[in-house]
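Structure first, then comments.
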Amino acid sequence: MLVTQGPQFNGKASKRLHVMAKPIGAACNIDCTYCYYLSKQDLLEYKKGCSPKMDDDTLETYIRQYIEGQNTPEIIFSWQGGEPTMLGLEYFQKIVAFQKKYQPVGVKISNDLQTNGTLLNDEWCAFLADNHFLIGLSIDGPELLHNTYRTNKAGRGTFKQVMKAVELLHKHKVNFATLTCVNNLTSQNPLEVYRFLRDVVKSPQMQFIPIVEQKTFRTTAPQKWQPQDQLTQGDARLNPYHKDSVVEPWCVSAEAWGDFLIAVFDEWITKDIGKVFVQYFEASVETWMGRKNPLCTLGEICGKGLAMEPNGDVFTCDHYVYPEYKVGNIHHQKLDEMAYSPEQQKFGFAKSRNLTTQCQQCDYKFACHGECPKNRFIRTQEGEPGLNYLCAGWHKFFSHADKAIAYVLRMTGNPVAHGQYSDERGTLQVRRAQAFPTKF
Ligand code: SF4
Ligand code: SF4
C-alpha cells in the first residue's frame with residue numbers, strides 16, 4: 001500500500017517504498033523541550049540491551065533490503081534521529097559505501113538527513129555536498145524564539161550553532177530545507193519567523209510543523225485513547241494555556257495554528273509566490289488544481305513511510321513508534337513484505353475510513369482529509385470522537401486561502417478543481433483589470 005504500483009521500470013512493475021531510518025534511535029546531543037522522540041529511549045527499552053547505534057550487520061541488511069524492495073529510477077534513503085550526525089562522518093561514509101555496493105545499474109540513489117545542525121563543520125558539509133544529500137535543518141526562528149525550546153543539555157540555546165550550520169550549508173552549496181516547529185510561542189510571531197527564514201536564513205524550502213502532543217503521549221500510543229477522554233471541539237481545556245489542559249503547554253492551539261498559516265500565507269502570496277517555497281502552500285495549490293497532496297498529513301491515506309529503529313524494528317509511521325504499532329524486524333522479515341503487509345494496509349486506509357461525519361461533509365476535505373490521525377483526539381460538537389485537534393485552525397486557513405488560490409490559478413491559466421470558487425461552481429469573476437495582488 002505504501003508501495004506505489006506505477007508504470008514499468010526496467011521491464012517490471014514499478015515498486016516504491018519509504019522508510020525513515022533512525023540509526024541512532026532517539027539519542028540526541030541536545031535536549032529540546034518539545035521533542036516527541038526522546039521519550040522513546042524508555043518506551044522501546046533501549047536500556048535493556050538494545051544498542052542505540054545501528055550495528056554494521058543491521059545497517060548493511062537494511063540498505064540491501066531497501067534497495068532490493070524497490071524498482072524505480074531513484075531510491076531515496078531518509079536518515080533521522082535523535083541526532084544522526086552523532087554517529088560521526090565515518091558512519092555516513094560507510095552508508096554511502098554500502099549503497100554503492102548494492103546500487104543497481106541505471107538507478108540513482110539519494111539521501112536525505114534530518115539534523116539539528118550543531119555538529120556540522122566544513123568536512124561534514126563537503127561530504128554532504130559531494131554526495132548530494134538533502135538536509136532538513138531544524139530552526140525555529142530568530143534567536144529568542146529558537147532558544148526558548150531548542151536548548152542543549154545544559155539548558156543553553158543552540159541558535160548560534162545552528163546559524164553557523166546555515167552559513168556552512170550555503171558555503172558548500174548543500175541542498176537544504178528548514179523545519180520550523182510552530183509551538184505556543186512561534187505561532188504568535190508568524191511574520192517574524194517567516195521573514196527571518198526568508199531574509200536571514202535564505203531557506204530554499206520552508207517546512208512548518210504544528211506541535212501537538214497530549215500530556216499522555218509518552219506512554220499512550222495514538223488512537224489508543226479512550227473515547228470518553230476526548231474533549232469536545234471548543235472545550236477550554238484543549239487550549240495549551242489552560243491550567244487543566246490535556247495538551248503540553250508548548251503546543252500550538254488550533255486557532256493559533258490557523259492564524260499563523262494565514263499571516264504567513266498573506267505575505268507569501270502577495271510578495272513571494274514563485275520565489276519562496278513554503279511546503280504547505282505549494283501542496284495546497286496542487287490540491288486546488290485537483291492533484292493529490294504530496295504531504296502525508298494532508299493526504300488521503302497513511303502508511304507511505306515506515307520508521308525503523310537501530311535494532312531493525314519497523315513501525316507503521318514515525319509518529320507511531322510504540323510497541324502496539326510494530327510491524328516486524330528486518331532480521332526476520334523483508335522490508336517490502338512489511339510494507340505490503342495487511343497490517344500496514346489496514347493502518348493506511350484507516351485514515352480515510354475513520355473520518356468523522358464533520359470531515360466527510362467538510363468543504364475542505366479535499367485539502368485536509370482530517371489531517372494526521374495522531375492528532376485526532378477530540379469530539380465534534382455532535383459528540384463524535386476522532387476529530388482532529390487542529391480542525392478549527394485548518395478550516396480557518398483553507399477558507400481564507402480558497403479565494404486567493406483560485407484567483408492565482410485562474411490568472412496563470414490553471415484549472416481550479418476544488419473549493420468555493422472552483423471552475424465548476426463558477427462563482428469567482430476574475431476581472432483582468434483588477435490589479436494583482438489585491439486584497440483577497
Ligand atoms: S499517521 Fe500522520 S505522519 Fe503518519 S503517515 Fe499518517 S498522516 Fe502521515
Ligand atoms: S478542516 Fe476539520 S472538518 Fe474539515 S477535513 Fe479538516 S479536520 Fe475535518
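Order determines the names: the first chain of the C-alpha cells is A, the second B, and so forth; residues in each chain are numbered 1 upward, and ligands are numbered 1 upward as they are shown.
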Which residues of chain A come within 9 Å of ligand 1, and what is each one's closest atom pair and distance in Å (one decimal), counting only C-alpha atoms and all ligand atoms, sorted by chain and residue number, as CSV?
```
residue,atom,partner,partner_atom_place_in_ligand_line,distance
A:Pro222,CA,ligand 1,1 (S),8.7
A:Leu295,CA,ligand 1,8 (Fe),7.5
A:Cys296,CA,ligand 1,8 (Fe),4.2
A:Thr297,CA,ligand 1,7 (S),3.6
A:Leu298,CA,ligand 1,7 (S),6.7
A:Gly299,CA,ligand 1,7 (S),7.0
A:Glu300,CA,ligand 1,7 (S),8.5
A:Ile301,CA,ligand 1,6 (Fe),6.8
A:Cys302,CA,ligand 1,6 (Fe),3.9
A:Gly303,CA,ligand 1,5 (S),4.9
A:Lys304,CA,ligand 1,5 (S),6.0
A:Gly305,CA,ligand 1,5 (S),6.1
A:Leu306,CA,ligand 1,5 (S),8.1
A:Thr316,CA,ligand 1,4 (Fe),7.5
A:Cys317,CA,ligand 1,4 (Fe),4.8
A:Asp318,CA,ligand 1,4 (Fe),6.2
A:His319,CA,ligand 1,4 (Fe),5.6
A:Tyr320,CA,ligand 1,1 (S),6.9
A:Phe347,CA,ligand 1,6 (Fe),8.3
A:Gly348,CA,ligand 1,6 (Fe),7.0
A:Lys351,CA,ligand 1,6 (Fe),7.0
A:Glu371,CA,ligand 1,7 (S),6.3
A:Cys372,CA,ligand 1,7 (S),3.8
A:Pro373,CA,ligand 1,1 (S),5.3
A:Lys374,CA,ligand 1,1 (S),5.6
A:Asn375,CA,ligand 1,2 (Fe),8.0
```
I need the chosen residues saved as a compact mmCIF listing (two decimals), in the first residue's frame, with N, CA and C atoms.
```
# COMPACT_ATOMS: atom_id res chain seq x y z
N PRO A 222 -0.94 6.74 19.91
CA PRO A 222 -2.07 7.38 19.24
C PRO A 222 -3.19 6.39 18.96
N LEU A 295 1.89 15.73 0.70
CA LEU A 295 2.22 15.59 2.13
C LEU A 295 1.33 14.53 2.76
N CYS A 296 1.94 13.62 3.51
CA CYS A 296 1.13 12.54 4.08
C CYS A 296 0.08 13.08 5.04
N THR A 297 0.42 14.10 5.80
CA THR A 297 -0.52 14.57 6.83
C THR A 297 -1.82 15.08 6.21
N LEU A 298 -1.75 15.62 4.99
CA LEU A 298 -2.95 16.14 4.34
C LEU A 298 -3.42 15.25 3.19
N GLY A 299 -2.84 14.09 3.09
CA GLY A 299 -3.21 13.17 2.03
C GLY A 299 -4.36 12.25 2.46
N GLU A 300 -4.81 11.45 1.51
CA GLU A 300 -5.98 10.62 1.76
C GLU A 300 -5.67 9.39 2.60
N ILE A 301 -4.47 8.85 2.42
CA ILE A 301 -4.13 7.63 3.16
C ILE A 301 -2.77 7.77 3.85
N CYS A 302 -2.58 6.95 4.86
CA CYS A 302 -1.29 6.90 5.58
C CYS A 302 -0.50 5.70 5.07
N GLY A 303 0.56 5.42 5.81
CA GLY A 303 1.27 4.18 5.58
C GLY A 303 2.33 4.25 4.52
N LYS A 304 2.63 5.46 4.03
CA LYS A 304 3.62 5.56 2.97
C LYS A 304 5.04 5.69 3.50
N GLY A 305 5.19 5.83 4.80
CA GLY A 305 6.53 5.99 5.35
C GLY A 305 6.68 5.22 6.64
N LEU A 306 7.34 4.06 6.57
CA LEU A 306 7.60 3.28 7.78
C LEU A 306 8.74 3.94 8.56
N THR A 316 4.81 1.37 11.89
CA THR A 316 3.92 1.84 10.82
C THR A 316 4.25 3.25 10.33
N CYS A 317 4.72 4.11 11.25
CA CYS A 317 4.98 5.52 10.90
C CYS A 317 5.89 6.12 11.96
N ASP A 318 6.58 7.15 11.59
CA ASP A 318 7.47 7.85 12.53
C ASP A 318 6.72 8.32 13.78
N HIS A 319 5.43 8.65 13.63
CA HIS A 319 4.66 9.12 14.78
C HIS A 319 3.99 7.98 15.53
N TYR A 320 4.22 6.77 15.09
CA TYR A 320 3.58 5.61 15.72
C TYR A 320 4.65 4.62 16.21
N PHE A 347 -3.63 0.01 8.44
CA PHE A 347 -3.22 1.28 9.05
C PHE A 347 -3.39 2.43 8.04
N GLY A 348 -2.96 2.19 6.82
CA GLY A 348 -3.01 3.24 5.80
C GLY A 348 -4.43 3.67 5.46
N LYS A 351 -7.02 5.88 7.81
CA LYS A 351 -7.07 7.35 7.81
C LYS A 351 -8.34 7.87 7.13
N GLU A 371 -6.57 15.52 8.41
CA GLU A 371 -5.16 15.65 8.83
C GLU A 371 -4.67 14.37 9.54
N CYS A 372 -3.53 14.47 10.17
CA CYS A 372 -2.85 13.28 10.71
C CYS A 372 -3.67 12.61 11.83
N PRO A 373 -3.89 11.29 11.73
CA PRO A 373 -4.64 10.58 12.75
C PRO A 373 -4.03 10.69 14.16
N LYS A 374 -2.75 10.96 14.23
CA LYS A 374 -2.11 11.16 15.55
C LYS A 374 -2.78 12.30 16.32
N ASN A 375 -3.34 13.25 15.56
CA ASN A 375 -3.94 14.43 16.20
C ASN A 375 -5.46 14.35 16.32
```
Would you name the residues within 12 Å of ligand 2, counting only C-alpha atoms and all ligand atoms, and put them as a PyMOL selection string? chain A and resi 233+254-255+258+297-300+351-352+354-373+375-381+384-400
If you run DSSP on the backbone here, which positions in region 30-205 of chain A get strand (DSSP E)? Please write them as a list in words.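 The residues of region 30-205 of chain A classed as strand (DSSP E) are Glu74, Ile75, Ile76, Phe77, Ser78, Trp79, Lys108, Ile109, Ser110, Asn111, Asp112, Leu113, Gln114, Thr115, Leu134, Ile135, Gly136, Leu137, Ser138, Asn175, Phe176, Ala177, Thr178, Leu179, Thr180, Cys181 and Val182 of chain A.
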Using only C-alpha atoms, determine which residues lie at most 9 Å from Ser110 (chain A), disregarding the query and same-chain residues fewer than 2 positions distant; provide the list as a list in words. Glu74, Ile75, Ile76, Phe77, Ser78, Lys108, Asp112, Asn131, His132, Phe133 and Leu134 of chain A
If you measure from CA of Ala401 (chain A) to CA of Lys271 (chain A), what distance in Å do you get, rounded to one decimal? 14.9 Å
Name the residues in contact with Met54 (chain A) at a cut-off of 7 Å, using only C-alpha atoms, excluding same-chain residues fewer than 4 positions from it; report them as a PyMOL selection string. chain A and resi 23-24+58-59+310-311
Residue subset to file, keeping C-alpha atoms, as a compact mmCIF listing (two decimals), in the first residue's frame:
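Output saved as out14.txt:
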```txt
# COMPACT_ATOMS: atom_id res chain seq x y z
CA PRO A 23 20.45 4.67 13.04
CA ILE A 24 20.98 6.24 16.46
CA THR A 58 21.79 -4.32 10.60
CA LEU A 59 22.88 -1.32 8.53
CA PRO A 310 18.53 0.82 15.31
CA ASN A 311 17.83 -2.85 16.10
```
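Closest to Gly141 (chain A) among A:Ala129, A:Asn111, A:Gln161, A:Thr180 is A:Thr180, based on only C-alpha atoms.
Here CA of Ile273 (chain A) stands at a distance of 21.2 Å from CA of Val182 (chain A).
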Do you know which residues are at most 12 Å from Tyr91 (chain A) counting only C-alpha atoms, after dropping those on the same chain fewer than 3 positions away, and could you put them as a VMD selection string? chain A and resid 23 to 24 53 to 56 59 to 60 79 84 to 88 94 to 98 124 127
Within 9 Å of Leu191 (chain A), counting only C-alpha atoms, which residues show up once you throw out same-chain ones fewer than 5 positions away? Write them as a list in words, please.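 Near neighbours after the sequence-gap exclusion: Phe196, Phe260, Ala263, Val264 and Glu267 of chain A.
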Take the selection from the previous step and output its residues with N, CA and C atoms, as an mmCIF file, in the first residue's frame.
```cif
data_model
loop_
_atom_site.group_PDB
_atom_site.id
_atom_site.type_symbol
_atom_site.label_atom_id
_atom_site.label_comp_id
_atom_site.auth_asym_id
_atom_site.auth_seq_id
_atom_site.Cartn_x
_atom_site.Cartn_y
_atom_site.Cartn_z
ATOM 1 N N PHE A 196 12.403 36.014 8.919
ATOM 2 C CA PHE A 196 13.737 35.576 9.328
ATOM 3 C C PHE A 196 14.203 34.417 8.423
ATOM 4 N N PHE A 260 -1.489 31.521 12.328
ATOM 5 C CA PHE A 260 -0.095 31.509 11.877
ATOM 6 C C PHE A 260 -0.049 31.292 10.359
ATOM 7 N N ALA A 263 -1.334 34.379 8.365
ATOM 8 C CA ALA A 263 -0.409 35.521 8.336
ATOM 9 C C ALA A 263 0.742 35.263 7.363
ATOM 10 N N VAL A 264 1.294 34.065 7.418
ATOM 11 C CA VAL A 264 2.416 33.749 6.526
ATOM 12 C C VAL A 264 1.925 33.657 5.075
ATOM 13 N N GLU A 267 1.466 37.079 3.363
ATOM 14 C CA GLU A 267 2.739 37.681 2.945
ATOM 15 C C GLU A 267 3.303 36.945 1.724
#
```
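Distance check against Asp140 (chain A) using only C-alpha atoms: of A:Asn175, A:Pro210, A:Pro204, A:Lys164, the minimum falls on A:Pro210.
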Closest-contact table, region 173-215 of chain A side, partner region 281-290 of chain A, 12 Å, counting only C-alpha atoms, as JSON lines:
```
{"residue": "A:Gln205", "atom": "CA", "partner": "A:Glu282", "partner_atom": "CA", "distance": 10.4}
{"residue": "A:Met206", "atom": "CA", "partner": "A:Phe281", "partner_atom": "CA", "distance": 9.9}
{"residue": "A:Gln207", "atom": "CA", "partner": "A:Phe281", "partner_atom": "CA", "distance": 9.8}
{"residue": "A:Phe208", "atom": "CA", "partner": "A:Phe281", "partner_atom": "CA", "distance": 10.4}
```
Serialized selection, C-alpha atoms, as a PDB file, in the first residue's frame:
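Generated output (again.pdb):
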```pdb
ATOM      1  CA  GLN A 205      12.349  25.377   1.274  1.00  0.00           C
ATOM      2  CA  MET A 206      10.302  26.074   4.403  1.00  0.00           C
ATOM      3  CA  GLN A 207       8.509  23.347   6.258  1.00  0.00           C
ATOM      4  CA  PHE A 208       6.329  24.233   9.227  1.00  0.00           C
TER       5      PHE A 208
END
```
DSSP-assigned alpha helix (DSSP H) among region 141-356 of chain A, expressed as a ChimeraX atom specification: /A:143-149,159-171,190-195,254-267,279-288,335-340,342-353
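In this model, the gap between CA of Ala21 (chain A) and CA of Val314 (chain A) comes to 9.1 Å.
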Which one of A:Gln214, A:Ser138, A:Gln420, A:Gln8 sits closest to Leu197 (chain A) if you count only C-alpha atoms? A:Ser138
Hey, which of A:Gln188, A:Gln223, A:Gln230, A:Asn293 ends up closest to Ala350 (chain A)? Count only C-alpha atoms. A:Gln223
